[in-house]
Every structure is written in C-alpha cells, then in structure tokens.
file entry_6.cif (mmCIF, N, CA and C atoms and all ligand atoms)
data_target
#
loop_
_atom_site.label_atom_id
_atom_site.label_comp_id
_atom_site.auth_asym_id
_atom_site.auth_seq_id
_atom_site.Cartn_x
_atom_site.Cartn_y
_atom_site.Cartn_z
N MET E 1 -13.69 50.61 -120.35
CA MET E 1 -13.90 51.21 -119.04
C MET E 1 -15.41 51.27 -118.72
N ALA E 2 -15.82 50.58 -117.72
CA ALA E 2 -17.23 50.61 -117.33
C ALA E 2 -17.53 51.89 -116.58
N LYS E 3 -18.68 52.43 -116.87
CA LYS E 3 -19.03 53.71 -116.25
C LYS E 3 -19.62 53.55 -114.86
N ASP E 4 -20.28 52.45 -114.62
CA ASP E 4 -21.02 52.32 -113.38
C ASP E 4 -20.24 51.67 -112.26
N GLN E 5 -18.97 51.45 -112.49
CA GLN E 5 -18.18 50.88 -111.42
C GLN E 5 -17.83 51.95 -110.40
N THR E 6 -17.48 51.50 -109.23
CA THR E 6 -17.06 52.45 -108.20
C THR E 6 -15.85 53.22 -108.68
N LYS E 7 -15.92 54.48 -108.55
CA LYS E 7 -14.82 55.31 -109.01
C LYS E 7 -13.59 55.11 -108.14
N LYS E 8 -12.48 55.02 -108.81
CA LYS E 8 -11.22 54.89 -108.09
C LYS E 8 -10.29 55.98 -108.56
N CYS E 9 -9.42 56.35 -107.68
CA CYS E 9 -8.44 57.37 -108.02
C CYS E 9 -7.68 56.97 -109.29
N ALA E 10 -7.43 57.95 -110.14
CA ALA E 10 -6.78 57.67 -111.42
C ALA E 10 -5.31 57.34 -111.27
N HIS E 11 -4.80 57.55 -110.09
CA HIS E 11 -3.42 57.15 -109.80
C HIS E 11 -3.40 55.64 -109.63
N LEU E 12 -2.76 54.94 -110.53
CA LEU E 12 -2.88 53.48 -110.59
C LEU E 12 -2.65 52.74 -109.28
N PRO E 13 -1.60 53.03 -108.54
CA PRO E 13 -1.38 52.27 -107.30
C PRO E 13 -2.35 52.65 -106.19
N CYS E 14 -3.11 53.69 -106.39
CA CYS E 14 -3.97 54.20 -105.33
C CYS E 14 -5.32 53.49 -105.33
N VAL E 15 -5.81 53.19 -104.15
CA VAL E 15 -7.10 52.50 -104.03
C VAL E 15 -8.17 53.40 -103.44
N CYS E 16 -7.85 54.65 -103.28
CA CYS E 16 -8.82 55.58 -102.69
C CYS E 16 -9.92 55.93 -103.69
N VAL E 17 -11.02 56.43 -103.16
CA VAL E 17 -12.11 56.90 -104.01
C VAL E 17 -12.16 58.42 -103.93
N PRO E 18 -11.96 59.06 -105.05
CA PRO E 18 -11.97 60.52 -105.07
C PRO E 18 -13.36 61.08 -104.77
N ALA E 19 -13.38 62.30 -104.29
CA ALA E 19 -14.66 62.94 -103.96
C ALA E 19 -15.30 63.53 -105.20
N ASN E 20 -16.61 63.43 -105.26
CA ASN E 20 -17.38 64.07 -106.32
C ASN E 20 -16.83 63.75 -107.70
N ASP E 21 -16.51 64.76 -108.44
CA ASP E 21 -16.07 64.56 -109.81
C ASP E 21 -14.56 64.61 -109.96
N GLU E 22 -13.89 64.56 -108.83
CA GLU E 22 -12.43 64.60 -108.88
C GLU E 22 -11.89 63.33 -109.52
N LYS E 23 -10.80 63.47 -110.22
CA LYS E 23 -10.18 62.31 -110.86
C LYS E 23 -9.18 61.66 -109.91
N TYR E 24 -8.63 62.48 -109.04
CA TYR E 24 -7.65 61.98 -108.07
C TYR E 24 -8.13 62.26 -106.66
N CYS E 25 -7.68 61.44 -105.72
CA CYS E 25 -8.16 61.59 -104.34
C CYS E 25 -7.39 62.67 -103.61
N SER E 26 -6.26 63.06 -104.14
CA SER E 26 -5.43 63.99 -103.40
C SER E 26 -4.46 64.69 -104.35
N GLN E 27 -3.85 65.74 -103.82
CA GLN E 27 -2.86 66.45 -104.63
C GLN E 27 -1.68 65.55 -104.94
N HIS E 28 -1.38 64.67 -104.02
CA HIS E 28 -0.27 63.75 -104.24
C HIS E 28 -0.51 62.91 -105.50
N CYS E 29 -1.71 62.40 -105.60
CA CYS E 29 -2.03 61.55 -106.74
C CYS E 29 -2.10 62.38 -108.02
N LYS E 30 -2.57 63.60 -107.88
CA LYS E 30 -2.66 64.46 -109.05
C LYS E 30 -1.26 64.73 -109.60
N ASP E 31 -0.33 64.94 -108.68
CA ASP E 31 1.05 65.18 -109.09
C ASP E 31 1.65 63.92 -109.71
N ALA E 32 1.33 62.79 -109.13
CA ALA E 32 1.89 61.53 -109.62
C ALA E 32 1.24 61.13 -110.94
N GLY E 33 0.02 61.58 -111.16
CA GLY E 33 -0.66 61.27 -112.39
C GLY E 33 -0.95 59.79 -112.54
N SER E 34 -0.91 59.31 -113.75
CA SER E 34 -1.24 57.91 -113.98
C SER E 34 0.01 57.10 -114.32
N GLU E 35 1.14 57.64 -113.98
CA GLU E 35 2.37 56.90 -114.25
C GLU E 35 2.43 55.62 -113.43
N GLU E 36 3.02 54.60 -114.00
CA GLU E 36 3.02 53.31 -113.33
C GLU E 36 4.29 53.07 -112.54
N ALA E 37 5.13 54.07 -112.48
CA ALA E 37 6.43 53.90 -111.83
C ALA E 37 6.26 53.60 -110.34
N GLU E 38 5.29 54.24 -109.73
CA GLU E 38 5.10 54.05 -108.30
C GLU E 38 4.48 52.69 -108.02
N ILE E 39 5.06 51.99 -107.05
CA ILE E 39 4.53 50.68 -106.69
C ILE E 39 3.44 50.83 -105.65
N ALA E 40 3.65 51.74 -104.72
CA ALA E 40 2.67 51.96 -103.65
C ALA E 40 2.28 53.42 -103.62
N CYS E 41 1.04 53.64 -103.26
CA CYS E 41 0.57 55.01 -103.18
C CYS E 41 0.98 55.62 -101.84
N ASP E 42 1.34 56.87 -101.88
CA ASP E 42 1.78 57.54 -100.66
C ASP E 42 0.92 58.78 -100.40
N CYS E 43 -0.33 58.68 -100.71
CA CYS E 43 -1.20 59.84 -100.59
C CYS E 43 -1.54 60.14 -99.13
N GLY E 44 -1.35 59.15 -98.27
CA GLY E 44 -1.58 59.40 -96.85
C GLY E 44 -2.95 58.98 -96.36
N HIS E 45 -3.82 58.58 -97.26
CA HIS E 45 -5.14 58.12 -96.84
C HIS E 45 -5.05 56.73 -96.23
N PRO E 46 -5.93 56.44 -95.29
CA PRO E 46 -5.92 55.14 -94.60
C PRO E 46 -5.97 53.96 -95.56
N ALA E 47 -6.67 54.09 -96.64
CA ALA E 47 -6.82 52.99 -97.59
C ALA E 47 -5.49 52.60 -98.21
N CYS E 48 -4.59 53.56 -98.28
CA CYS E 48 -3.30 53.31 -98.91
C CYS E 48 -2.18 53.15 -97.88
N ALA E 49 -2.42 53.61 -96.67
CA ALA E 49 -1.39 53.53 -95.64
C ALA E 49 -1.22 52.10 -95.19
N LYS E 50 0.02 51.77 -94.86
CA LYS E 50 0.28 50.41 -94.38
C LYS E 50 0.93 50.47 -93.02
ZN ZN D 101 -3.76 56.64 -102.36
ZN ZN D 102 -5.26 58.65 -104.95
#

call {"tool": "encode", "arguments": {"input": "entry_6.cif", "output": "structure tokens", "more": "lines below"}}
Ligand SMILES: [Zn+2]
Ligand SMILES: [Zn+2]
result
Amino acid sequence: MAKDQTKKCAHLPCVCVPANDEKYCSQHCKDAGSEEAEIACDCGHPACAK
C-alpha cells in the first residue's frame, strides 16, 4: 500500500475520497466496511451515483 497515493474510501466499490483522516467517505461505507459483496457503492455521492 503506497502512502502517498490519493486517499480513497476504504469501501472497495467506492471511489469517493474521504475527508481528512476519515477512512470512509460516509456512514454508508462505514457500515458496509471493506466487504467485497457489494458491486456498486450506494453512498449517494456524485462520484458513485449513476
Ligand atoms: Zn461511494
Ligand atoms: Zn465511500
């Protein structure tokens, strides 16, 4: 894991960038954790919305 890369939400399907030192961009992602079951992120952010 490279440290200097752009931070991405720890929720695998999510492409959002969390704020500050947050690991997840939203409560939705925090609840979903890092499980790979989800194919698409449903956090509601524009980056993930289709
Ligand atoms: Zn997302
Ligand atoms: Zn997220």

call {"tool": "residues_around", "arguments": {"input": "entry_6.cif", "residues": "Pro13 of chain E", "least_positions_apart": "3", "cutoff": "6.5 Å", "atoms": "all atoms listed in the file", "output": "JSON, numbers by chain"}}
result
{"E": [10, 38, 39, 40, 41]}

call {"tool": "write_last_selection", "arguments": {"input": "entry_6.cif", "atoms": "N, CA and C atoms", "output": "mmCIF file, in the frame of the given file"}}
result
data_model
loop_
_atom_site.group_PDB
_atom_site.id
_atom_site.type_symbol
_atom_site.label_atom_id
_atom_site.label_comp_id
_atom_site.auth_asym_id
_atom_site.auth_seq_id
_atom_site.Cartn_x
_atom_site.Cartn_y
_atom_site.Cartn_z
ATOM 1 N N ALA E 10 -7.430 57.950 -110.140
ATOM 2 C CA ALA E 10 -6.780 57.670 -111.420
ATOM 3 C C ALA E 10 -5.310 57.340 -111.270
ATOM 4 N N GLU E 38 5.290 54.240 -109.730
ATOM 5 C CA GLU E 38 5.100 54.050 -108.300
ATOM 6 C C GLU E 38 4.480 52.690 -108.020
ATOM 7 N N ILE E 39 5.060 51.990 -107.050
ATOM 8 C CA ILE E 39 4.530 50.680 -106.690
ATOM 9 C C ILE E 39 3.440 50.830 -105.650
ATOM 10 N N ALA E 40 3.650 51.740 -104.720
ATOM 11 C CA ALA E 40 2.670 51.960 -103.650
ATOM 12 C C ALA E 40 2.280 53.420 -103.620
ATOM 13 N N CYS E 41 1.040 53.640 -103.260
ATOM 14 C CA CYS E 41 0.570 55.010 -103.180
ATOM 15 C C CYS E 41 0.980 55.620 -101.840
#

call {"tool": "select_by_dssp", "arguments": {"input": "entry_6.cif", "residues": "chain E", "states": "helix (DSSP H, G or I)", "output": "list in words"}}
result
Gln27, His28, Cys29, Lys30, Asp31 and Ala32 of chain E

call {"tool": "atom_distance", "arguments": {"input": "entry_6.cif", "atom1": "atom C of Asp21 of chain E", "atom2": "atom N of Lys8 of chain E"}}
result
9.9 Å

call {"tool": "residues_around", "arguments": {"input": "entry_6.cif", "residues": "Cys9 of chain E", "least_positions_apart": "3", "cutoff": "6 Å", "atoms": "only N, CA and C atoms", "output": "PyMOL selection string"}}
result
chain E and resi 12+14-18+23-25

call {"tool": "atom_distance", "arguments": {"input": "entry_6.cif", "atom1": "atom N of Asp42 of chain E", "atom2": "atom C of Asn20 of chain E"}}
result
20.3 Å

call {"tool": "closest_residue", "arguments": {"input": "entry_6.cif", "among": "E:Ala49, E:Thr6, E:Ala19, E:Cys29", "to": "ligand ZN 102 (chain D)", "atoms": "all atoms listed in the file"}}
result
E:Cys29

call {"tool": "atom_distance", "arguments": {"input": "entry_6.cif", "atom1": "atom C of His45 of chain E", "atom2": "atom N of Glu22 of chain E"}}
result
17.3 Å
